[in-house]
Each structure stands twice: as C-alpha cells, then as structure tokens.
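J.: protein_12.cif is the file, holding mmCIF, C-alpha atoms:
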```
data_data
#
loop_
_atom_site.label_atom_id
_atom_site.label_comp_id
_atom_site.auth_asym_id
_atom_site.auth_seq_id
_atom_site.Cartn_x
_atom_site.Cartn_y
_atom_site.Cartn_z
CA MET A 1 7.32 -33.29 -13.52
CA LYS A 2 9.63 -33.57 -16.56
CA ILE A 3 12.83 -31.60 -16.56
CA VAL A 4 14.59 -30.51 -19.73
CA VAL A 5 18.17 -29.34 -19.48
CA PHE A 6 19.93 -27.69 -22.42
CA SER A 7 22.56 -25.05 -22.97
CA GLY A 8 23.53 -22.45 -25.52
CA ILE A 9 23.78 -18.66 -25.95
CA GLY A 10 20.61 -16.68 -26.64
CA LEU A 11 19.61 -13.12 -27.47
CA LEU A 12 17.38 -10.79 -25.52
CA SER A 13 14.50 -11.25 -27.96
CA CYS A 14 11.33 -10.58 -26.02
CA LEU A 15 9.98 -8.56 -23.14
CA ILE A 16 8.45 -10.22 -20.11
CA GLN A 17 6.19 -8.89 -17.39
CA PRO A 18 7.82 -7.20 -14.37
CA ILE A 19 8.89 -9.57 -11.62
CA LYS A 20 5.95 -10.23 -9.31
CA TYR A 21 6.29 -10.33 -5.58
CA SER A 22 5.08 -13.41 -3.79
CA LEU A 23 2.89 -11.02 -1.86
CA ASN A 24 0.38 -8.72 -3.51
CA THR A 25 1.88 -5.31 -4.30
CA LEU A 26 0.01 -2.24 -3.12
CA SER A 27 1.07 1.40 -2.97
CA CYS A 28 0.80 4.03 -0.27
CA ASP A 29 2.38 7.47 -0.51
CA GLY A 30 5.08 6.09 -2.79
CA ALA A 31 5.84 3.09 -0.58
CA LYS A 32 5.43 -0.40 -1.98
CA LEU A 33 3.37 -2.51 0.40
CA LEU A 34 3.18 -6.28 0.18
CA ARG A 35 0.26 -8.28 1.48
CA LEU A 36 0.54 -11.90 2.54
CA LEU A 37 -2.06 -14.43 1.58
CA GLU A 38 -4.30 -15.58 4.42
CA HIS A 39 -2.60 -18.95 4.89
CA GLN A 40 0.80 -17.24 5.00
CA ALA A 41 -0.39 -14.71 7.58
CA LYS A 42 -1.84 -17.52 9.69
CA GLU A 43 1.49 -19.31 9.55
CA VAL A 44 3.06 -16.22 11.10
CA PHE A 45 0.26 -16.11 13.68
CA ALA A 46 0.79 -19.75 14.64
CA LYS A 47 4.55 -19.23 15.05
CA ASN A 48 3.78 -16.42 17.47
CA GLY A 49 1.17 -18.10 19.64
CA LEU A 50 -2.05 -16.77 18.08
CA LYS A 51 -4.78 -19.36 17.74
CA THR A 52 -6.26 -20.05 14.29
CA PRO A 53 -8.63 -22.73 12.97
CA ILE A 54 -7.14 -26.05 11.93
CA GLY A 55 -6.70 -25.81 8.19
CA TYR A 56 -4.95 -27.18 5.13
CA LEU A 57 -3.87 -25.55 1.88
CA THR A 58 -5.13 -27.60 -1.08
CA THR A 59 -4.75 -27.40 -4.85
CA THR A 60 -6.70 -30.46 -6.02
CA LEU A 61 -10.21 -31.78 -5.38
CA GLU A 62 -8.78 -35.10 -4.25
CA GLU A 63 -6.64 -33.39 -1.62
CA ALA A 64 -9.51 -31.11 -0.55
CA THR A 65 -11.82 -34.11 -0.14
CA LYS A 66 -9.27 -35.96 1.98
CA ARG A 67 -8.63 -32.93 4.19
CA SER A 68 -12.33 -32.12 4.60
CA GLU A 69 -13.13 -35.67 5.65
CA SER A 70 -10.32 -35.59 8.21
CA LEU A 71 -11.62 -32.30 9.65
CA GLY A 72 -15.26 -33.39 9.54
CA PHE A 73 -18.07 -31.44 7.92
CA PRO A 74 -19.02 -28.64 7.87
CA VAL A 75 -15.82 -27.02 6.62
CA ILE A 76 -14.98 -23.58 5.27
CA LEU A 77 -13.45 -23.17 1.80
CA LYS A 78 -11.40 -20.00 1.24
CA ALA A 79 -9.90 -19.04 -2.11
CA GLN A 80 -6.38 -17.67 -1.56
CA VAL A 81 -6.21 -14.26 -3.18
CA PRO A 82 -4.58 -11.23 -1.49
CA PHE A 83 -7.67 -9.05 -1.25
CA GLY A 84 -10.42 -8.27 1.23
CA GLY A 85 -14.10 -8.66 0.44
CA ARG A 86 -13.71 -12.31 -0.50
CA GLY A 87 -16.96 -13.22 1.20
CA LYS A 88 -18.97 -10.79 -0.93
CA ALA A 89 -17.16 -12.00 -4.04
CA GLY A 90 -18.21 -15.57 -3.31
CA ALA A 91 -14.64 -16.67 -2.57
CA ILE A 92 -15.45 -17.98 0.93
CA VAL A 93 -18.12 -20.67 1.28
CA ARG A 94 -19.26 -23.25 3.79
CA ALA A 95 -19.48 -26.88 2.67
CA ASP A 96 -21.79 -29.03 4.74
CA ASN A 97 -21.05 -32.25 2.88
CA ILE A 98 -19.06 -33.82 0.04
CA GLU A 99 -21.57 -32.62 -2.54
CA ASP A 100 -21.14 -29.01 -1.40
CA LEU A 101 -17.37 -29.41 -1.55
CA HIS A 102 -17.42 -30.81 -5.09
CA ASN A 103 -19.89 -28.17 -6.30
CA ASN A 104 -17.70 -25.30 -5.08
CA PHE A 105 -14.10 -26.45 -5.43
CA ASP A 106 -13.60 -25.96 -9.17
CA ARG A 107 -15.19 -22.51 -9.05
CA LEU A 108 -13.07 -21.35 -6.13
CA ILE A 109 -9.77 -22.73 -7.46
CA ASN A 110 -10.29 -20.63 -10.60
CA ILE A 111 -11.98 -17.56 -9.13
CA GLU A 112 -10.48 -14.19 -10.06
CA ILE A 113 -10.72 -11.10 -7.83
CA SER A 114 -9.31 -7.71 -8.84
CA GLY A 115 -7.40 -9.31 -11.68
CA THR A 116 -5.74 -11.95 -9.50
CA LYS A 117 -6.62 -15.61 -9.92
CA SER A 118 -6.66 -18.06 -7.04
CA ASN A 119 -4.72 -21.27 -7.47
CA SER A 120 -5.21 -22.75 -4.00
CA ILE A 121 -7.96 -23.16 -1.43
CA LEU A 122 -7.60 -23.10 2.33
CA ILE A 123 -9.84 -25.76 3.90
CA GLU A 124 -10.61 -24.98 7.55
CA GLU A 125 -12.65 -26.42 10.36
CA PHE A 126 -15.93 -24.70 11.11
CA ILE A 127 -15.93 -23.18 14.60
CA PRO A 128 -19.25 -22.15 16.23
CA HIS A 129 -18.87 -18.90 18.15
CA GLU A 130 -20.81 -16.36 20.16
CA LYS A 131 -19.05 -13.08 19.38
CA GLU A 132 -17.03 -11.48 16.58
CA ILE A 133 -14.54 -8.64 17.09
CA TYR A 134 -12.47 -6.53 14.72
CA VAL A 135 -8.93 -5.72 15.86
CA SER A 136 -5.80 -4.47 14.15
CA VAL A 137 -2.48 -2.78 14.82
CA ALA A 138 -1.67 -0.35 12.02
CA LEU A 139 0.75 2.40 11.09
CA ASP A 140 -1.11 5.73 11.05
CA ARG A 141 0.99 7.95 8.80
CA SER A 142 -0.96 11.06 9.75
CA ARG A 143 -0.01 10.54 13.40
CA SER A 144 3.45 9.15 12.62
CA SER A 145 2.72 6.33 15.05
CA TYR A 146 1.06 2.96 15.32
CA VAL A 147 -2.53 2.68 16.52
CA ILE A 148 -4.84 -0.02 17.77
CA ILE A 149 -8.17 -0.14 15.95
CA ALA A 150 -10.91 -2.29 17.46
CA ALA A 151 -14.68 -2.70 17.19
CA GLU A 152 -17.34 -4.93 18.67
CA GLU A 153 -18.50 -5.74 15.13
CA GLY A 154 -16.29 -8.10 13.14
CA GLY A 155 -16.48 -9.69 9.73
CA VAL A 156 -17.00 -6.45 7.77
CA GLU A 157 -14.58 -4.04 6.17
CA VAL A 158 -13.08 -1.60 8.66
CA GLU A 159 -14.25 1.39 6.60
CA LYS A 160 -17.85 0.29 7.13
CA ILE A 161 -17.61 -0.26 10.87
CA GLY A 162 -19.65 2.34 12.74
CA THR A 163 -18.14 2.91 16.19
CA LYS A 164 -14.42 2.19 16.31
CA ILE A 165 -11.96 2.32 19.19
CA ILE A 166 -8.68 3.95 18.20
CA GLU A 167 -5.76 4.11 20.61
CA SER A 168 -2.26 5.37 19.87
CA ILE A 169 0.71 3.14 20.68
CA GLU A 170 3.69 4.92 22.19
CA ALA A 171 6.07 1.97 21.92
CA PHE A 172 6.29 -1.79 21.64
CA PRO A 173 5.56 -3.93 23.51
CA ILE A 174 2.15 -2.34 24.07
CA ARG A 175 1.62 -1.36 27.68
CA ARG A 176 -0.68 -3.60 29.73
CA ASN A 177 -2.95 -0.73 30.76
CA VAL A 178 -3.58 0.16 27.10
CA LEU A 179 -4.42 -3.45 26.25
CA GLU A 180 -6.84 -3.67 29.17
CA MET A 181 -8.43 -0.32 28.30
CA VAL A 182 -9.21 -1.46 24.74
CA ALA A 183 -10.63 -4.75 26.07
CA SER A 184 -12.85 -2.90 28.53
CA LYS A 185 -14.16 -0.56 25.84
CA LEU A 186 -15.16 -3.66 23.87
CA GLY A 187 -17.25 -4.78 26.82
CA LEU A 188 -14.97 -7.66 27.77
CA ASP A 189 -14.24 -8.74 31.32
CA GLY A 190 -12.88 -11.64 33.30
CA HIS A 191 -11.52 -14.53 31.24
CA SER A 192 -12.52 -13.00 27.89
CA LEU A 193 -10.68 -9.76 28.78
CA GLU A 194 -7.53 -11.68 29.63
CA GLN A 195 -7.71 -13.71 26.42
CA PHE A 196 -8.15 -10.55 24.34
CA VAL A 197 -5.19 -8.86 26.11
CA ILE A 198 -2.98 -11.85 25.27
CA THR A 199 -4.14 -11.81 21.64
CA LEU A 200 -3.64 -8.08 21.14
CA ASP A 201 -0.26 -8.19 22.84
CA SER A 202 0.83 -10.94 20.44
CA LEU A 203 -0.49 -8.96 17.47
CA GLY A 204 1.61 -5.96 18.53
CA LYS A 205 4.71 -8.12 18.88
CA ILE A 206 4.20 -9.50 15.37
CA VAL A 207 3.99 -5.95 13.97
CA ASP A 208 7.18 -5.00 15.77
CA ASP A 209 9.12 -8.19 14.98
CA TYR A 210 8.16 -8.31 11.28
CA ASP A 211 8.29 -4.56 10.49
CA LEU A 212 4.63 -4.60 9.44
CA GLU A 213 2.45 -1.73 8.29
CA LEU A 214 -0.67 -3.63 9.36
CA ALA A 215 -1.66 -6.74 11.28
CA GLU A 216 -5.41 -7.37 11.26
CA ILE A 217 -7.75 -10.04 12.61
CA ASN A 218 -11.23 -9.82 11.14
CA PRO A 219 -13.02 -11.47 12.67
CA LEU A 220 -11.50 -12.45 15.99
CA ILE A 221 -14.07 -14.81 17.47
CA MET A 222 -14.86 -15.77 21.04
CA THR A 223 -16.07 -19.32 21.60
CA ASP A 224 -18.49 -20.36 24.34
CA THR A 225 -15.45 -21.23 26.50
CA GLY A 226 -14.06 -17.69 26.15
CA GLU A 227 -11.24 -18.77 23.80
CA MET A 228 -10.13 -16.19 21.21
CA ILE A 229 -9.44 -17.51 17.67
CA ALA A 230 -8.39 -15.58 14.56
CA LEU A 231 -10.76 -16.69 11.79
CA ASP A 232 -9.02 -14.48 9.23
CA ALA A 233 -5.61 -12.84 9.06
CA LYS A 234 -4.12 -9.94 7.14
CA LEU A 235 -0.48 -8.85 7.27
CA ILE A 236 1.02 -6.04 5.18
CA VAL A 237 4.72 -5.16 5.06
CA ASP A 238 6.70 -2.38 3.35
CA ASP A 239 9.02 -4.09 0.87
CA ASN A 240 11.88 -1.83 1.98
CA SER A 241 12.07 -3.88 5.17
CA LEU A 242 12.10 -7.29 3.50
CA PHE A 243 15.90 -7.50 3.57
CA ARG A 244 15.56 -7.74 7.37
CA GLN A 245 12.68 -10.21 7.16
CA LYS A 246 14.08 -13.36 5.63
CA GLN A 247 11.50 -15.38 7.58
CA LEU A 248 8.77 -14.00 5.32
CA ALA A 249 10.49 -15.71 2.39
CA GLU A 250 10.74 -18.97 4.32
CA LEU A 251 7.02 -19.49 4.74
CA ASP A 252 5.43 -22.70 3.45
CA THR A 253 5.07 -21.79 -0.21
CA ASP A 254 2.78 -22.21 -3.15
CA HIS A 255 3.36 -20.32 -6.38
CA ASP A 256 2.50 -17.00 -4.77
CA THR A 257 5.49 -17.21 -2.39
CA LEU A 258 8.06 -18.53 -4.84
CA SER A 259 9.14 -15.04 -5.87
CA ALA A 260 10.11 -14.24 -2.28
CA LYS A 261 11.97 -17.55 -1.95
CA ALA A 262 13.77 -16.97 -5.26
CA SER A 263 14.59 -13.39 -4.27
CA SER A 264 16.09 -14.56 -0.97
CA LEU A 265 18.46 -16.73 -3.04
CA ASP A 266 19.29 -13.82 -5.38
CA PHE A 267 17.61 -15.40 -8.40
CA ALA A 268 15.84 -13.21 -10.95
CA PHE A 269 12.47 -14.97 -11.09
CA VAL A 270 9.22 -14.30 -12.94
CA GLU A 271 6.22 -16.60 -12.81
CA LEU A 272 4.43 -17.01 -16.14
CA ASP A 273 1.28 -18.79 -17.30
CA GLY A 274 2.62 -21.85 -19.13
CA SER A 275 3.57 -25.38 -18.13
CA SER A 276 7.35 -25.50 -18.65
CA ALA A 277 9.64 -23.81 -16.13
CA VAL A 278 12.74 -22.25 -17.68
CA ILE A 279 16.09 -21.87 -15.87
CA GLY A 280 19.27 -20.45 -17.35
CA ASN A 281 22.41 -18.45 -16.61
CA GLY A 282 21.75 -15.07 -18.20
CA ALA A 283 18.65 -13.05 -19.00
CA GLY A 284 19.20 -13.18 -22.76
CA LEU A 285 19.69 -16.94 -22.70
CA VAL A 286 16.58 -17.54 -20.62
CA LEU A 287 14.45 -15.17 -22.69
CA SER A 288 15.53 -16.71 -26.00
CA THR A 289 14.71 -20.10 -24.47
CA CYS A 290 11.20 -18.86 -23.76
CA ASP A 291 10.90 -17.78 -27.40
CA LEU A 292 12.08 -21.15 -28.74
CA LEU A 293 9.68 -22.95 -26.44
CA LYS A 294 6.73 -20.82 -27.57
CA ASP A 295 7.67 -21.19 -31.24
CA SER A 296 7.57 -24.97 -30.78
CA GLY A 297 4.10 -24.94 -29.26
CA GLY A 298 5.04 -24.90 -25.58
CA MET A 299 4.62 -22.15 -22.99
CA PRO A 300 7.01 -21.08 -20.19
CA ALA A 301 5.78 -21.46 -16.61
CA CYS A 302 8.54 -19.28 -15.22
CA PHE A 303 11.77 -17.41 -15.90
CA LEU A 304 14.67 -18.08 -13.52
CA ASP A 305 18.14 -16.61 -14.08
CA LEU A 306 20.90 -18.38 -12.14
CA GLY A 307 23.45 -15.67 -12.90
CA GLY A 308 27.04 -16.35 -13.92
CA GLY A 309 29.40 -18.95 -12.49
CA ALA A 310 26.67 -21.01 -10.82
CA GLN A 311 27.93 -23.75 -8.48
CA SER A 312 26.17 -27.04 -7.83
CA ASP A 313 24.47 -25.62 -4.70
CA ARG A 314 22.89 -22.88 -6.79
CA VAL A 315 21.69 -25.30 -9.46
CA LEU A 316 20.16 -27.45 -6.73
CA GLU A 317 18.37 -24.48 -5.17
CA ALA A 318 16.99 -23.42 -8.55
CA ILE A 319 15.54 -26.87 -9.13
CA LYS A 320 14.08 -26.84 -5.61
CA VAL A 321 12.35 -23.51 -6.32
CA VAL A 322 10.78 -24.51 -9.63
CA SER A 323 9.84 -27.96 -8.31
CA GLN A 324 7.23 -26.11 -6.23
CA LEU A 325 5.47 -24.80 -9.35
CA LYS A 326 2.50 -27.14 -9.29
CA LYS A 327 1.35 -26.09 -12.75
CA ALA A 328 4.74 -26.86 -14.32
CA SER A 329 4.88 -30.23 -16.06
CA SER A 330 8.44 -29.71 -17.30
CA ILE A 331 11.56 -27.70 -16.49
CA LEU A 332 14.12 -26.38 -18.97
CA LEU A 333 17.54 -25.78 -17.46
CA ASN A 334 19.57 -23.90 -20.08
CA VAL A 335 23.15 -23.30 -18.93
CA PHE A 336 26.11 -22.39 -21.14
CA GLY A 337 29.34 -23.93 -19.92
CA GLY A 338 31.55 -20.87 -20.02
CA ILE A 339 32.09 -19.26 -16.63
CA THR A 340 29.68 -21.87 -15.34
CA ARG A 341 31.25 -25.32 -15.58
CA CYS A 342 29.05 -28.13 -16.89
CA THR A 343 30.33 -30.44 -14.15
CA GLU A 344 28.89 -28.09 -11.51
CA VAL A 345 25.54 -28.21 -13.32
CA ALA A 346 25.73 -32.00 -13.45
CA ASN A 347 26.52 -32.25 -9.74
CA GLY A 348 23.58 -29.98 -8.91
CA ILE A 349 21.26 -32.19 -10.97
CA ILE A 350 22.60 -35.34 -9.30
CA ARG A 351 21.99 -33.85 -5.85
CA ALA A 352 18.45 -32.89 -6.88
CA PHE A 353 17.85 -36.52 -7.86
CA GLU A 354 19.33 -37.78 -4.60
CA GLU A 355 17.25 -35.39 -2.48
CA GLY A 356 14.03 -36.23 -4.30
CA PHE A 357 13.36 -32.93 -6.08
CA ILE A 358 13.30 -34.56 -9.53
CA GLN A 359 10.48 -37.07 -9.65
CA LYS A 360 10.08 -37.55 -13.40
CA PRO A 361 12.37 -37.88 -16.44
CA LEU A 362 14.84 -35.08 -17.07
CA TYR A 363 15.80 -34.06 -20.61
CA ALA A 364 19.21 -32.39 -21.01
CA ARG A 365 21.32 -30.62 -23.58
CA ILE A 366 24.69 -29.73 -22.07
CA SER A 367 27.58 -28.09 -23.94
CA GLY A 368 30.61 -25.96 -23.15
CA ALA A 369 33.33 -26.15 -20.52
CA GLU A 370 33.73 -29.67 -19.08
CA GLU A 371 30.81 -30.95 -21.17
CA GLU A 372 32.15 -34.48 -21.62
CA GLU A 373 32.96 -34.81 -17.93
CA ALA A 374 29.42 -33.69 -17.09
CA ARG A 375 27.90 -36.27 -19.44
CA GLU A 376 30.01 -38.96 -17.78
CA LEU A 377 28.88 -37.86 -14.30
CA LEU A 378 25.24 -38.07 -15.38
CA THR A 379 25.60 -41.56 -16.82
CA GLY A 380 23.26 -43.93 -15.03
CA HIS A 381 20.83 -41.23 -13.94
CA PRO A 382 17.30 -41.21 -15.42
CA LEU A 383 17.69 -38.40 -17.94
CA LYS A 384 18.02 -37.97 -21.70
CA ILE A 385 20.74 -35.80 -23.24
CA PHE A 386 20.21 -34.11 -26.62
CA SER A 387 22.66 -32.57 -29.07
CA THR A 388 20.60 -29.47 -29.85
CA VAL A 389 18.26 -27.16 -28.03
CA GLN A 390 15.54 -27.61 -30.62
CA GLU A 391 15.70 -31.39 -30.35
CA ALA A 392 15.30 -31.20 -26.58
CA ILE A 393 12.32 -28.84 -26.81
CA SER A 394 10.66 -30.74 -29.65
CA THR A 395 10.87 -33.98 -27.70
CA LEU A 396 9.47 -32.32 -24.60
CA VAL A 397 6.54 -30.75 -26.44
CA ARG A 398 5.79 -33.95 -28.36
CA GLU A 399 5.79 -36.11 -25.22
CA SER A 400 3.71 -33.55 -23.30
CA ASP A 401 1.12 -33.46 -26.09
CA SER A 402 0.86 -37.25 -26.13
CA LYS A 403 -0.26 -37.40 -22.52
#
```
For the file at hand, write its structure as structure tokens.
T.:
Amino acid sequence: MKIVVFSGIGLLSCLIQPIKYSLNTLSCDGAKLLRLLEHQAKEVFAKNGLKTPIGYLTTTLEEATKRSESLGFPVILKAQVPFGGRGKAGAIVRADNIEDLHNNFDRLINIEISGTKSNSILIEEFIPHEKEIYVSVALDRSRSSYVIIAAEEGGVEVEKIGTKIIESIEAFPIRRNVLEMVASKLGLDGHSLEQFVITLDSLGKIVDDYDLELAEINPLIMTDTGEMIALDAKLIVDDNSLFRQKQLAELDTDHDTLSAKASSLDFAFVELDGSSAVIGNGAGLVLSTCDLLKDSGGMPACFLDLGGGAQSDRVLEAIKVVSQLKKASSILLNVFGGITRCTEVANGIIRAFEEGFIQKPLYARISGAEEEEARELLTGHPLKIFSTVQEAISTLVRESDSK
C-alpha cells in the first residue's frame, strides 16, 4: 500500500455521498436500524458463548483456498452482504472440492444484492445435522415489548414460516420456565431441550447487553449428538444506542465496519469506490484533494477528515483505519500545518512505520507550521517528500499506472 502525504488549503468543490454506516441502514417507524454482517454477528455470538461453525473471512482466492484446505472439503461459501435471502440469490454455495471453490469464488466476491456489493466471503466448515430450527428475540413495537419467535422449520424467511411460536418477554434475563416452555412447544426434550434453553438464554442476554432490536438464528441446527449450532446469524441495532455500544465498533473489521471504527474515533469518514484513500484536516481540504486526484486520473477510496489540531495519536489512528481498506493501493494524507503542527503529523507517521501500519512507500508533501522540523524528523524513513500537491499526486498516479 503506497501512502501519499501532502498539505495545503482546499475549497469545498464537490459533493460526496452521505456517510455510510459500517452496518446496513434500514428504517422502521422513523428509527434508523443497523444490521451487522453475518461474520460480525457471529463474532458477537462467539464472545457470548453461542456455538457457530468454524469459519474464516476471506477476500482473495488464494486465502480462500488455503482456508478451505485447512477446514477440509466440503465447505460453505457465504457472500457477506447485509440482507436475507442470500441462498435464493445464489450468494451461499457449497464447494465440494477445489474446482467448486474456484468456479464460485470470483462470482461471490463480486455479487450484488439489493444494490450492495459483497467484497468478502465467509468460508465455513460444513456440518451435517438432523434438525433445523428458527429462533429469534425481537422488539415487537405493537406490544411495546420483546418477544421470542420460534418454529420447527428453519432456513426460510420468518414471514414464510407456517406455524410460529410467539412468547412475550416480561424482562431480561428471560425466565427459565419461559425458555423451557418454548423448547417443549418445539418438541424438544432431554439433552436437546437443555441445549436449546442455554442457546435461547444467551440470545436474550445478547439482545439486552447490546441494545438490539433483533437477534436471530436461522437456522439453528441440532447435530446427531444434540449440540446446538448457529449456522447463520442476524443482529439489528437502533443507531441511537450505538453511543453505548462501543464494542460494536471494535469488531474485527473489513471495509464494511470501518465507518463504525472511524466514528468511534470521531473521524468524518466516507468510503468511496477508488483506490487511493484520502486523509486531511478539514472537509474542504479533503474534498478538493479528491477533485485533484480525479482530475489527474486517480480515484479516491475514502474521505477521512482528521479535524483541526490533530496530534500524533490521531494521525496514527487515521492511518490505522485506512490501512484496513483492502482495495486502497495508496493513501493521501493532506494536512495543513496551521493549528495542526507538521511535527505532530511527522511523529504520527513515524509511529505508523514503527507499528507496521505502513508497509509500502509513502509519498509526502508537508508545509506550514514546523514544516522544516517535520522534514528533519522524517529523514531516514522510507518516504518521498514533494514540493507541490500536484507533483505528489502525479507521481502516485504514474507509478500506480506502471504496475
């Protein structure tokens, strides 16, 4: 990943798309609801004792091949988009061998559902099972309370399930007798009843602890040993509660969770479709940088505004965020040394080198307060410093095109 650093003052010269949440944005009676991707939801499950298949998030065929061979075929490939109905859309497939994996990977990594494109695939072990169950804990606005919804038939959309069990929840944690009653209505007994009670109790605790609107397992499978495993996971949260839920922004991230991470650090962040991440200290500066980049034949991969007076810690965190943009082959850090001192920027860059967040050459144009001191600090580090913004961008675009 190349990093270009330059500074200057820009004008607010273009409009960009609204900032996207790392979770898909839905709406419900005026509330903004955010839906985690499956691998994110399963991370929450695992932290709270719910069993899920062994799986790995992959973004390249090489990585997917390695992970599939370690799991052993057959494996399940799941495109990571925040919508239901992925099976019908062809976004979930079984690969019985390397040929199946290779034939499906490129299609799944680029599949688009409801206007959202996948950029990662969850590779999971295939688990034979005897029974599938649908179960969820959801906020029922008409009742002004949470309810348990369960059915003996799993793997289909809840709206299409025939006979459903619906039980109101008076408070969390869910009472043992309610958990057992739902299990009995599903025809479970003995060991399988106890395993279901443990699973549903954990699901209720997750809803309570994370301020969720919905926690769903579809399907919840029962193996021949009576073990309950969540094959799929859906979690939806009202964004008004996110300020209390910093852990949701600390999940293992791909590009879809970067907005939450950036938001937790008080960065204004927008992911875009290009290959050069853009960081600056001021919306006008960052936006004009995007314009200059596009005029020179490049395309921005993101917009990240540090804000004024950024210290070295903040510069480091910004680099850490954009270093997770797998599609970004370069980063433009455009900071004017006014309120923000160039030496602070330099120290943040040096720390990013030392902590391994800058793996490839960094191109810089630094000017303003303490500029000469910053250049001296950066002496000996693997970066190039340019006199003008245009020179920095032109060099970046030229070297990117030559690869």
J.: How many Å lie between CA of Ala328 (chain A) and CA of Lys360 (chain A), rounded to one decimal?
T.: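 Taking CA of Ala328 (chain A) and CA of Lys360 (chain A), their separation equals 12.0 Å.
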J.: Do you know which residues are at most 6 Å from Gly348 (chain A) counting only C-alpha atoms, after dropping those on the same chain fewer than 3 positions away, and could you put them as a list in words?
T.: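 The residues that qualify are Ser312, Val315, Leu316, Val345 and Arg351 of chain A.
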J.: Given the file shown, enumerate the residues that the PyMOL selection byres ((chain A and resi 166) around 12) captures and present them as a ChimeraX atom specification.
T.: /A:134-140,143,146-151,158,163-165,167-169,178-179,181-183,185-186
J.: When you draw a straight line from CA of Asp291 (chain A) to CA of Val397 (chain A), how long is it in Å?
T.: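 CA of Val397 (chain A) lies at a distance of 13.7 Å from CA of Asp291 (chain A).
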J.: Quick check, in Å to one decimal: how far apart do CA of Tyr56 (chain A) and CA of Ile123 (chain A) lie?
T.: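 We find that CA of Tyr56 (chain A) and CA of Ile123 (chain A) lie 5.2 Å from each other.
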J.: I'd like to see the residues matched by the PyMOL selection byres ((chain A and resi 97) around 10) on this file, and ideally I'd get them as a ChimeraX atom specification.
T.: /A:65,68-69,72-75,94-96,98-102
